[in-house]
>>> print(open('model.tsv').read())   # TSV, C-alpha atoms
chain	number	residue	atom	x	y	z
A	266	MET	CA	-17.04	10.20	7.79
A	267	LYS	CA	-17.14	7.39	10.30
A	268	THR	CA	-15.41	4.17	9.38
A	269	ASP	CA	-18.71	2.29	9.64
A	270	ASP	CA	-20.19	4.66	7.07
A	271	LEU	CA	-17.24	4.08	4.76
A	272	VAL	CA	-17.72	0.32	5.13
A	273	SER	CA	-21.38	0.75	4.14
A	274	LEU	CA	-20.42	2.90	1.19
A	275	LEU	CA	-17.91	0.38	-0.09
A	276	ALA	CA	-20.20	-2.64	0.38
A	277	THR	CA	-23.32	-1.07	-1.13
A	278	GLY	CA	-23.84	-1.75	-4.81
A	279	LEU	CA	-20.83	-4.05	-4.82
A	280	THR	CA	-19.98	-5.40	-8.26
A	281	PRO	CA	-18.40	-8.82	-8.76
A	282	VAL	CA	-14.75	-8.85	-9.79
A	283	PRO	CA	-13.89	-11.19	-12.66
A	284	ARG	CA	-11.34	-13.82	-11.70
A	285	HIS	CA	-7.87	-13.26	-13.13
A	286	ALA	CA	-8.69	-9.60	-13.78
A	287	ALA	CA	-5.11	-8.68	-12.85
A	288	ALA	CA	-3.48	-11.26	-15.12
A	289	GLN	CA	-5.68	-10.16	-18.00
A	290	ARG	CA	-4.39	-6.60	-17.83
A	291	LEU	CA	-0.78	-7.73	-18.05
A	292	ALA	CA	-1.59	-10.16	-20.85
A	293	LEU	CA	-3.27	-7.36	-22.79
A	294	ALA	CA	-0.24	-5.11	-22.26
A	295	LEU	CA	1.99	-7.92	-23.49
A	296	VAL	CA	0.01	-8.52	-26.69
A	297	VAL	CA	-0.26	-4.81	-27.49
A	298	GLY	CA	3.43	-4.29	-26.65
A	299	LEU	CA	4.57	-7.19	-28.83
A	300	GLY	CA	2.42	-5.90	-31.71
A	301	GLY	CA	3.84	-2.41	-31.22
A	302	GLY	CA	7.40	-3.74	-31.18
A	303	LEU	CA	6.84	-5.70	-34.40
A	304	VAL	CA	5.34	-2.66	-36.12
A	305	LEU	CA	8.34	-0.55	-35.07
A	306	LEU	CA	10.66	-3.28	-36.35
A	307	VAL	CA	8.98	-3.59	-39.75
A	308	LEU	CA	8.66	0.17	-40.28
A	309	GLY	CA	11.98	1.30	-38.84
A	310	TYR	CA	14.36	-1.63	-39.31
A	311	GLY	CA	12.94	-4.28	-41.60
A	312	ILE	CA	13.07	-8.02	-41.07
A	313	ARG	CA	16.33	-9.53	-42.26
A	314	PRO	CA	15.82	-10.76	-45.83
A	315	ASP	CA	17.54	-14.11	-45.23
A	316	LEU	CA	15.34	-15.01	-42.26
A	317	ALA	CA	14.47	-18.42	-43.73
A	318	GLU	CA	18.15	-19.42	-44.07
A	319	ALA	CA	19.03	-17.89	-40.71
A	320	ALA	CA	16.42	-20.12	-39.11
A	321	ASP	CA	18.68	-23.08	-39.87
A	322	LEU	CA	21.45	-21.67	-37.69
A	323	PRO	CA	21.46	-22.61	-33.97
A	324	MET	CA	22.76	-19.16	-32.99
A	325	PHE	CA	19.71	-17.52	-34.53
A	326	TRP	CA	17.55	-19.47	-32.11
A	327	VAL	CA	19.82	-18.63	-29.19
A	328	LYS	CA	19.41	-14.98	-30.11
A	329	LEU	CA	15.64	-15.31	-30.25
A	330	LEU	CA	14.93	-17.68	-27.40
A	331	VAL	CA	17.28	-16.36	-24.70
A	332	PRO	CA	15.59	-12.92	-24.73
A	333	ALA	CA	12.20	-14.62	-24.96
A	334	ALA	CA	13.03	-16.63	-21.83
A	335	ILE	CA	14.04	-13.42	-20.06
A	336	ALA	CA	10.77	-11.82	-21.12
A	337	CYS	CA	8.80	-14.77	-19.71
A	338	ALA	CA	10.63	-14.57	-16.38
A	339	GLY	CA	10.11	-10.81	-16.37
A	340	LEU	CA	6.39	-11.33	-16.91
A	341	LEU	CA	6.27	-13.84	-14.08
A	342	ALA	CA	8.11	-11.44	-11.75
A	343	THR	CA	5.91	-8.52	-12.81
A	344	GLN	CA	2.63	-10.30	-12.19
A	345	ARG	CA	3.89	-11.47	-8.78
A	346	LEU	CA	5.12	-8.04	-7.73
A	347	ALA	CA	1.85	-6.48	-8.92
A	348	ARG	CA	0.02	-8.15	-6.02
A	349	PRO	CA	0.40	-7.10	-2.39
A	350	GLY	CA	1.90	-9.79	-0.20
A	351	VAL	CA	3.51	-11.74	-3.05
A	352	SER	CA	7.28	-11.50	-3.44
A	353	ALA	CA	9.23	-11.93	-6.66
A	354	GLY	CA	10.27	-15.34	-5.32
A	355	LEU	CA	12.64	-17.24	-7.57
A	356	SER	CA	11.46	-15.51	-10.72
A	357	TRP	CA	14.59	-13.31	-10.60
A	358	LEU	CA	16.62	-16.42	-11.34
A	359	GLY	CA	14.69	-16.81	-14.56
A	360	VAL	CA	15.90	-13.38	-15.62
A	361	LEU	CA	19.46	-13.91	-14.44
A	362	LEU	CA	20.21	-17.47	-15.58
A	363	PRO	CA	19.72	-16.87	-19.33
A	364	VAL	CA	22.07	-13.88	-19.05
A	365	VAL	CA	24.69	-15.96	-17.26
A	366	GLY	CA	24.24	-18.68	-19.87
A	367	LEU	CA	24.85	-16.16	-22.63
A	368	TRP	CA	27.96	-14.91	-20.85
A	369	VAL	CA	29.35	-18.42	-20.46
A	370	LEU	CA	28.69	-19.20	-24.10
A	371	GLY	CA	30.26	-15.90	-25.16
A	372	ALA	CA	33.37	-16.53	-23.04
A	373	MET	CA	33.76	-20.06	-24.43
A	374	VAL	CA	33.54	-18.88	-28.05
A	375	TRP	CA	35.94	-16.02	-27.25
A	376	GLN	CA	38.43	-18.44	-25.68
A	377	ALA	CA	38.24	-20.90	-28.55
A	378	ALA	CA	38.75	-18.24	-31.23
A	379	PRO	CA	42.21	-17.29	-32.49
A	380	ALA	CA	43.25	-13.82	-31.32
A	381	PRO	CA	42.92	-12.07	-34.71
A	382	ALA	CA	39.30	-13.22	-35.06
A	383	ARG	CA	38.24	-11.99	-31.63
A	384	PRO	CA	37.47	-8.30	-32.34
A	385	ALA	CA	34.98	-9.25	-35.03
A	386	LEU	CA	33.21	-11.61	-32.58
A	387	LEU	CA	32.80	-8.81	-30.06
A	388	TRP	CA	32.11	-5.77	-32.21
A	389	GLY	CA	30.40	-7.37	-35.18
A	390	SER	CA	29.26	-4.74	-37.65
A	391	THR	CA	26.35	-3.21	-35.70
A	392	TRP	CA	27.58	-2.71	-32.13
A	393	THR	CA	27.03	1.06	-32.28
A	394	THR	CA	23.28	0.69	-32.78
A	395	CYS	CA	22.39	-2.70	-31.26
A	396	ALA	CA	21.74	-1.80	-27.61
A	397	LEU	CA	19.80	1.38	-28.36
A	398	SER	CA	17.73	-0.38	-31.01
A	399	ILE	CA	16.76	-3.07	-28.51
A	400	ALA	CA	15.84	-0.37	-25.99
A	401	GLU	CA	13.73	1.40	-28.61
A	402	LEU	CA	11.90	-1.77	-29.62
A	403	SER	CA	11.19	-2.50	-25.96
A	404	LEU	CA	9.37	0.82	-25.51
A	405	PRO	CA	5.85	-0.38	-26.43
A	406	ASN	CA	6.13	-3.26	-23.95
A	407	PHE	CA	7.71	-1.01	-21.35
A	408	ALA	CA	4.92	1.55	-21.54
A	409	GLY	CA	2.28	-1.18	-21.64
A	410	ALA	CA	3.67	-3.02	-18.62
A	411	LEU	CA	3.97	0.17	-16.55
A	412	LEU	CA	0.43	1.23	-17.48
A	413	ALA	CA	-0.85	-2.22	-16.50
A	414	LEU	CA	1.08	-2.04	-13.21
A	415	ARG	CA	-0.54	1.31	-12.48
A	416	THR	CA	-3.93	-0.41	-12.40
A	417	LEU	CA	-2.54	-3.05	-10.02
A	418	ALA	CA	-0.99	-2.69	-6.57
A	419	PRO	CA	2.80	-3.12	-6.47
A	420	THR	CA	4.11	-2.54	-2.95
A	421	GLN	CA	7.77	-2.74	-4.02
A	422	ALA	CA	7.71	-0.13	-6.73
A	423	ARG	CA	11.38	-0.27	-7.66
A	424	ALA	CA	11.46	-4.05	-8.03
A	425	ALA	CA	8.16	-4.02	-9.94
A	426	GLY	CA	9.51	-1.37	-12.32
A	427	ALA	CA	12.69	-3.39	-12.90
A	428	ALA	CA	10.64	-6.55	-13.55
A	429	ALA	CA	8.53	-4.67	-16.09
A	430	GLY	CA	11.82	-3.53	-17.64
A	431	ALA	CA	13.07	-7.13	-17.88
A	432	LEU	CA	9.82	-8.14	-19.56
A	433	ALA	CA	10.10	-5.26	-22.03
A	434	GLY	CA	13.84	-5.69	-22.62
A	435	GLY	CA	13.48	-9.41	-23.34
A	436	MET	CA	10.62	-8.74	-25.76
A	437	GLY	CA	12.53	-5.90	-27.43
A	438	ALA	CA	15.64	-8.07	-27.95
A	439	ALA	CA	13.61	-11.01	-29.26
A	440	VAL	CA	11.88	-8.71	-31.77
A	441	TYR	CA	15.20	-7.11	-32.74
A	442	ALA	CA	16.66	-10.59	-33.39
A	443	LEU	CA	14.39	-10.79	-36.46
A	444	HIS	CA	16.35	-7.88	-37.97
A	445	CYS	CA	19.83	-8.26	-36.51
A	446	PRO	CA	22.53	-9.81	-38.74
A	447	GLU	CA	24.93	-10.69	-35.89
A	448	LEU	CA	25.41	-14.31	-34.85
A	449	ALA	CA	28.50	-14.32	-32.62
A	450	ALA	CA	27.94	-15.29	-28.98
A	451	PRO	CA	30.39	-12.69	-27.55
A	452	PHE	CA	28.46	-9.95	-29.39
A	453	LEU	CA	25.17	-11.13	-27.92
A	454	ALA	CA	26.69	-11.49	-24.45
A	455	VAL	CA	27.68	-7.82	-24.42
A	456	TRP	CA	25.35	-5.82	-26.66
A	457	TYR	CA	22.11	-7.74	-26.28
A	458	VAL	CA	22.55	-7.81	-22.53
A	459	ALA	CA	23.31	-4.08	-22.53
A	460	GLY	CA	20.20	-3.41	-24.61
A	461	MET	CA	18.00	-5.39	-22.25
A	462	ALA	CA	19.60	-3.74	-19.21
A	463	ILE	CA	18.48	-0.27	-20.34
A	464	PRO	CA	14.74	-0.84	-19.73
A	465	VAL	CA	15.52	-2.70	-16.49
A	466	LEU	CA	17.40	0.32	-15.16
A	467	ALA	CA	14.76	2.70	-16.48
A	468	GLY	CA	12.07	0.67	-14.73
A	469	ALA	CA	13.97	0.65	-11.45
A	470	LEU	CA	14.33	4.44	-11.67
A	471	LEU	CA	10.77	5.19	-12.79
A	472	GLY	CA	9.03	2.64	-10.56
A	473	PRO	CA	9.09	4.61	-7.31
A	474	ARG	CA	7.92	7.74	-9.17
A	475	CYS	CA	5.09	6.41	-11.28
A	476	LEU	CA	3.86	3.27	-9.52
A	477	ARG	CA	2.54	4.80	-6.29
A	478	TRP	CA	-1.08	4.07	-5.46
B	30	MET	CA	-5.29	-22.43	16.19
B	31	GLN	CA	-6.79	-18.97	16.21
B	32	HIS	CA	-4.62	-17.75	13.35
B	33	THR	CA	-5.65	-20.28	10.72
B	34	GLU	CA	-9.29	-20.10	11.78
B	35	ALA	CA	-9.37	-16.35	11.33
B	36	GLU	CA	-7.55	-16.64	8.03
B	37	SER	CA	-9.98	-19.13	6.57
B	38	GLU	CA	-12.98	-17.15	7.85
B	39	LEU	CA	-11.72	-13.87	6.38
B	40	ARG	CA	-10.68	-15.52	3.16
B	41	ALA	CA	-14.09	-17.11	2.71
B	42	LEU	CA	-15.73	-13.70	3.21
B	43	MET	CA	-13.35	-12.12	0.71
B	44	LEU	CA	-14.06	-14.73	-1.96
B	45	ARG	CA	-17.79	-14.23	-1.52
B	46	GLY	CA	-17.24	-10.47	-1.63
B	47	LEU	CA	-15.31	-10.78	-4.89
B	48	ASP	CA	-18.33	-12.59	-6.31
B	49	GLY	CA	-20.49	-9.61	-5.36
B	50	ASP	CA	-21.93	-10.79	-2.00
B	51	GLN	CA	-22.54	-7.49	-0.17
B	52	VAL	CA	-23.33	-9.04	3.21
B	53	ALA	CA	-20.11	-11.04	3.27
B	54	TYR	CA	-18.13	-8.08	2.01
B	55	ARG	CA	-19.50	-5.77	4.67
B	56	ALA	CA	-18.70	-8.33	7.37
B	57	LEU	CA	-15.18	-8.65	5.99
B	58	LEU	CA	-14.57	-4.89	5.99
B	59	GLU	CA	-15.93	-4.59	9.54
B	60	LYS	CA	-13.64	-7.33	10.79
B	61	LEU	CA	-10.67	-5.95	8.91
B	62	SER	CA	-11.23	-2.42	10.17
B	63	ARG	CA	-11.08	-3.65	13.78
B	64	ARG	CA	-7.87	-5.56	13.07
B	65	LEU	CA	-6.32	-2.68	11.19
B	66	ARG	CA	-7.20	-0.28	13.99
B	67	ALA	CA	-5.46	-2.43	16.58
B	68	PHE	CA	-2.52	-2.92	14.27
B	69	PHE	CA	-2.03	0.80	13.61
B	70	LEU	CA	-2.69	1.81	17.22
B	71	ARG	CA	0.24	-0.31	18.28
B	72	ARG	CA	2.51	0.85	15.46
B	73	LEU	CA	1.63	4.56	15.55
B	74	GLN	CA	1.74	5.21	19.26
B	75	GLY	CA	3.10	8.68	18.62
B	76	TRP	CA	0.15	9.68	16.46
B	77	PRO	CA	-3.10	8.15	17.73
B	78	ASP	CA	-4.97	10.76	15.69
B	79	ASP	CA	-3.71	9.30	12.44
B	80	VAL	CA	-4.96	5.80	13.15
B	81	GLU	CA	-8.53	6.15	11.95
B	82	ASP	CA	-7.47	8.08	8.84
B	83	LEU	CA	-5.11	5.27	7.98
B	84	VAL	CA	-7.75	2.59	8.62
B	85	GLN	CA	-10.07	4.35	6.18
B	86	GLU	CA	-7.34	4.83	3.63
B	87	CYS	CA	-6.52	1.11	3.79
B	88	LEU	CA	-10.16	0.08	3.44
B	89	LEU	CA	-10.51	2.30	0.39
B	90	ALA	CA	-7.25	1.00	-1.09
B	91	MET	CA	-8.25	-2.63	-0.50
B	92	HIS	CA	-11.59	-2.01	-2.14
B	93	ASN	CA	-10.01	-0.31	-5.16
B	94	GLN	CA	-7.38	-3.03	-5.49
B	95	ARG	CA	-9.49	-6.05	-4.60
B	96	HIS	CA	-8.92	-7.44	-8.11
B	97	THR	CA	-5.26	-7.97	-7.16
B	98	TYR	CA	-6.18	-10.61	-4.56
B	99	GLN	CA	-5.83	-14.13	-5.88
B	100	SER	CA	-7.70	-16.91	-4.21
B	101	ASN	CA	-4.65	-19.15	-3.73
B	102	GLN	CA	-2.92	-16.50	-1.61
B	103	PRO	CA	-3.36	-16.02	2.16
B	104	LEU	CA	-5.69	-13.06	2.61
B	105	THR	CA	-3.81	-11.90	5.70
B	106	ALA	CA	-0.58	-11.54	3.73
B	107	TRP	CA	-2.41	-9.42	1.17
B	108	VAL	CA	-4.04	-7.23	3.82
B	109	TYR	CA	-0.83	-6.90	5.80
B	110	ALA	CA	1.17	-5.86	2.72
B	111	ILE	CA	-1.35	-3.11	1.95
B	112	ALA	CA	-1.49	-1.94	5.58
B	113	ARG	CA	2.29	-1.80	5.76
B	114	TYR	CA	2.55	0.00	2.40
B	115	LYS	CA	0.05	2.67	3.45
B	116	MET	CA	1.66	3.08	6.85
B	117	ILE	CA	5.14	3.52	5.38
B	118	ASP	CA	3.64	6.04	2.97
B	119	LEU	CA	2.26	8.00	5.91
B	120	LEU	CA	5.50	7.82	7.87
B	121	ARG	CA	7.45	8.92	4.83
B	122	ALA	CA	5.10	11.88	4.43
B	123	LYS	CA	5.69	12.81	8.03
B	124	SER	CA	9.39	12.32	7.34
B	125	SER	CA	9.96	11.82	11.01
B	126	ARG	CA	13.33	10.32	11.73
B	127	GLU	CA	12.38	8.71	15.03
B	128	THR	CA	9.61	6.72	13.44
B	129	LEU	CA	11.64	5.53	10.52
B	130	HIS	CA	14.07	4.11	13.03
B	131	ASP	CA	11.27	2.05	14.47
B	132	PRO	CA	11.83	-1.46	13.16
B	133	LEU	CA	9.03	-2.31	10.73
B	134	ASP	CA	9.52	-5.99	11.14
B	135	ASP	CA	7.34	-8.76	9.91
B	136	ASP	CA	4.60	-8.90	12.49
B	137	SER	CA	1.59	-9.89	10.46
B	138	GLU	CA	0.32	-11.89	13.45
B	139	GLU	CA	-0.71	-8.61	15.04
B	140	LEU	CA	-3.44	-8.33	12.45
B	141	PHE	CA	-5.29	-10.88	14.48
B	142	ASP	CA	-5.73	-8.55	17.39
B	143	GLU	CA	-8.92	-6.58	17.45
B	144	GLN	CA	-9.79	-3.18	18.75
B	145	ALA	CA	-13.19	-1.56	18.54
B	146	GLY	CA	-14.14	2.05	19.07
B	147	ALA	CA	-12.44	5.26	17.94
B	148	ASN	CA	-14.47	5.27	14.78
B	149	GLU	CA	-14.31	8.90	13.77
B	150	ALA	CA	-11.55	9.94	11.38
B	151	ARG	CA	-10.15	13.43	11.49
B	152	ARG	CA	-10.17	13.68	7.77
B	153	ASP	CA	-13.65	14.06	6.38
B	154	LEU	CA	-14.14	11.63	3.51
B	155	GLY	CA	-17.68	12.92	3.06
B	156	GLY	CA	-16.24	16.38	2.49
B	157	LEU	CA	-13.68	15.04	0.04
B	158	LEU	CA	-16.50	13.30	-1.82
B	159	GLN	CA	-18.07	16.69	-2.46
B	160	THR	CA	-14.96	17.80	-4.31
B	161	LEU	CA	-15.32	15.10	-6.99
B	162	PRO	CA	-16.78	16.05	-10.38
B	163	ASP	CA	-20.48	15.22	-10.87
B	164	ARG	CA	-19.81	12.29	-13.19
B	165	GLN	CA	-18.05	10.56	-10.29
B	166	ARG	CA	-19.84	12.08	-7.31
B	167	LEU	CA	-23.42	11.40	-8.44
B	168	PRO	CA	-22.87	7.68	-9.18
B	169	ILE	CA	-21.22	7.22	-5.77
B	170	LEU	CA	-23.96	9.25	-4.06
B	171	HIS	CA	-26.85	7.31	-5.62
B	172	VAL	CA	-25.43	3.80	-5.83
B	173	LYS	CA	-23.08	3.64	-2.88
B	174	LEU	CA	-24.71	5.99	-0.36
B	175	GLU	CA	-28.41	5.85	-1.24
B	176	GLY	CA	-28.30	2.21	-2.36
B	177	LEU	CA	-30.04	2.74	-5.71
B	178	SER	CA	-29.43	0.26	-8.51
B	179	VAL	CA	-27.13	1.17	-11.37
B	180	ALA	CA	-30.10	1.16	-13.77
B	181	GLU	CA	-32.14	3.49	-11.55
B	182	THR	CA	-29.15	5.83	-11.17
B	183	ALA	CA	-28.68	5.85	-14.92
B	184	ARG	CA	-32.32	6.91	-15.36
B	185	ARG	CA	-32.06	9.68	-12.80
B	186	THR	CA	-28.78	11.16	-13.95
B	187	GLY	CA	-29.16	10.57	-17.68
B	188	MET	CA	-25.79	8.83	-17.69
B	189	SER	CA	-25.28	5.41	-19.29
B	190	GLU	CA	-24.98	2.37	-17.02
B	191	SER	CA	-21.36	1.84	-17.99
B	192	ALA	CA	-20.63	5.51	-17.26
B	193	ILE	CA	-22.13	4.99	-13.79
B	194	LYS	CA	-19.86	2.00	-13.14
B	195	VAL	CA	-16.80	3.81	-14.47
B	196	GLY	CA	-17.70	6.88	-12.43
B	197	ILE	CA	-17.88	4.87	-9.21
B	198	HIS	CA	-14.61	3.12	-9.92
B	199	ARG	CA	-12.72	6.28	-10.89
B	200	GLY	CA	-14.35	8.31	-8.12
B	201	LEU	CA	-13.20	5.93	-5.40
B	202	LYS	CA	-9.71	5.94	-6.88
B	203	ALA	CA	-9.69	9.74	-7.05
B	204	LEU	CA	-10.79	9.78	-3.41
B	205	THR	CA	-7.69	7.80	-2.48
B	206	ALA	CA	-5.50	10.27	-4.34
B	207	ARG	CA	-7.20	13.19	-2.59
B	208	ILE	CA	-6.71	11.62	0.81
B	209	ARG	CA	-3.00	11.67	0.17
B	210	SER	CA	-2.88	15.32	-0.84
B	211	ALA	CA	-5.35	16.51	1.81
B	212	PRO	CA	-3.72	17.98	4.91
B	213	SER	CA	-4.04	15.69	7.89
>>> encode(input="model.tsv", output="structure tokens")
Amino acid sequence: MKTDDLVSLLATGLTPVPRHAAAQRLALALVVGLGGGLVLLVLGYGIRPDLAEAADLPMFWVKLLVPAAIACAGLLATQRLARPGVSAGLSWLGVLLPVVGLWVLGAMVWQAAPAPARPALLWGSTWTTCALSIAELSLPNFAGALLALRTLAPTQARAAGAAAGALAGGMGAAVYALHCPELAAPFLAVWYVAGMAIPVLAGALLGPRCLRW
Amino acid sequence: MQHTEAESELRALMLRGLDGDQVAYRALLEKLSRRLRAFFLRRLQGWPDDVEDLVQECLLAMHNQRHTYQSNQPLTAWVYAIARYKMIDLLRAKSSRETLHDPLDDDSEELFDEQAGANEARRDLGGLLQTLPDRQRLPILHVKLEGLSVAETARRTGMSESAIKVGIHRGLKALTARIRSAPS
């Protein structure tokens, strides 16, 4: 086929493209993923019974909003990296800064605590399951974001996969916060960050394999 | 400045194309294919035979992914990123060490060169089209090659109008995938 013939083929019967078609796909993935995560939480974990009282504690909101901020930055990075010619820009900082903030807070609480109280701040009572639970709850968002990316055109597949992982990890941790009984900053700084890092790594590994177009 | 003039001209054509203006879209693809040809000819001096294949692959990819272009973004950056992505894909497939050592630096300005001629690709897209299943091939044949309307095509094939649109969309995507696996 001559290139002129291909040009004719592509231009003939051209259909209009709705504006923001790309953003809509990611938004849909986000809504479906959040719904999926909440269903998994309710069925598999249960919402903590004292949620109303917990909502009075500042650390509960740290636990909810820091991951939510990471998810927002991950979404921003994902929708940028989904488009050819657009770099992640400064959106990586939005993923990194909340993590650094959590680390600083955790270190301060650790420093201020008397030595005998420190192990409980770090290990809590759920450290064995926390990170994997967050990773599990991030799965619906992870799958949704990768499927949405497959209909878009990421030219940096590894970075796009990692960004989708940050989006999913942040959402998974925010959803898990509705169940999790822990409130100590050192615990969050280690186990929440580890849980969110799992989908980021998975995305960076899977990206080059499943995001080619 | 030639650069900004070309950018605003191409961008205007693209925006009209996204709204469904066939004349503008055809003009855009013609201009882009000349620029892409010049761009690849310079970059792929070792393989002049691959140039036209790559031009066609890029045109198809841009068409399939045109929903990822946002109007506040320079069109040239979008086109260049796709051209570079497809070229690296090709070089990787060739896994030729010499080429990978060639610096792939940021030279989007070269997109503003033009080169006509050399229009025949080695790879036969028409032949690849024949390998698609009927539900994709017939919509492309009637709507895109014969220029029938979607409604008319639906009447002739007995498919629904939405099936025709889906068939065209999926067929063109499948064509891109087949280009990659076809020997070149």
>>> residues_around(input="model.tsv", residues="Ala192 in chain B", least_positions_apart="4", cutoff="10 Å", atoms="all atoms listed in the file", output="PyMOL selection string")
chain B and resi 164-165+168+179+183+187-188+196-198
>>> closest_atom_pairs(input="model.tsv", of="chain A", to="chain B", cutoff="6 Å", atoms="all atoms listed in the file", output="tab-separated table")
residue	atom	partner	partner_atom	distance
A:Met266	CA	B:Asp153	CA	5.3
A:Lys267	CA	B:Glu149	CA	4.7
A:Thr268	CA	B:Asn148	CA	5.6
A:Leu274	CA	B:Lys173	CA	4.9
A:Ala276	CA	B:Arg55	CA	5.4
A:Thr277	CA	B:Lys173	CA	5.0
A:Gly278	CA	B:Lys173	CA	5.8
A:Leu279	CA	B:Gly49	CA	5.6
A:Thr280	CA	B:Gly49	CA	5.1
A:Pro281	CA	B:Gly49	CA	4.1
A:Val282	CA	B:Leu47	CA	5.3
A:Ala287	CA	B:Thr97	CA	5.7
A:Arg348	CA	B:Thr97	CA	5.4
A:Pro349	CA	B:Trp107	CA	5.1
A:Gly350	CA	B:Trp107	CA	4.5
>>> residues_around(input="model.tsv", residues="Gly437 in chain A", least_positions_apart="2", cutoff="6 Å", atoms="all atoms listed in the file", output="ChimeraX atom specification")
/A:399,402-403,433-435,439-440
>>> residues_near_point(input="model.tsv", point="(8.5, -4.8, -13.8)", cutoff="8 Å", atoms="all atoms listed in the file", output="VMD selection string")
chain A and resid 339 to 340 342 to 343 346 410 to 411 414 424 to 432 465 468
>>> atom_distance(input="model.tsv", atom1="CA of Leu275 in chain A", atom2="CA of Pro77 in chain B")
24.4 Å
>>> closest_residue(input="model.tsv", among="A:Val458, A:Ala418, A:Ile463, A:Leu308", to="Leu367 in chain A", atoms="all atoms listed in the file")
A:Val458
>>> atom_distance(input="model.tsv", atom1="CA of Glu36 in chain B", atom2="CA of Val272 in chain A")
20.0 Å
>>> atom_distance(input="model.tsv", atom1="CA of Gly366 in chain A", atom2="CA of Pro405 in chain A")
26.8 Å
>>> residues_around(input="model.tsv", residues="Leu370 in chain A", least_positions_apart="5", cutoff="12 Å", atoms="only C-alpha atoms", output="PyMOL selection string")
chain A and resi 324+327-328+331+363-365+375-377+449-455
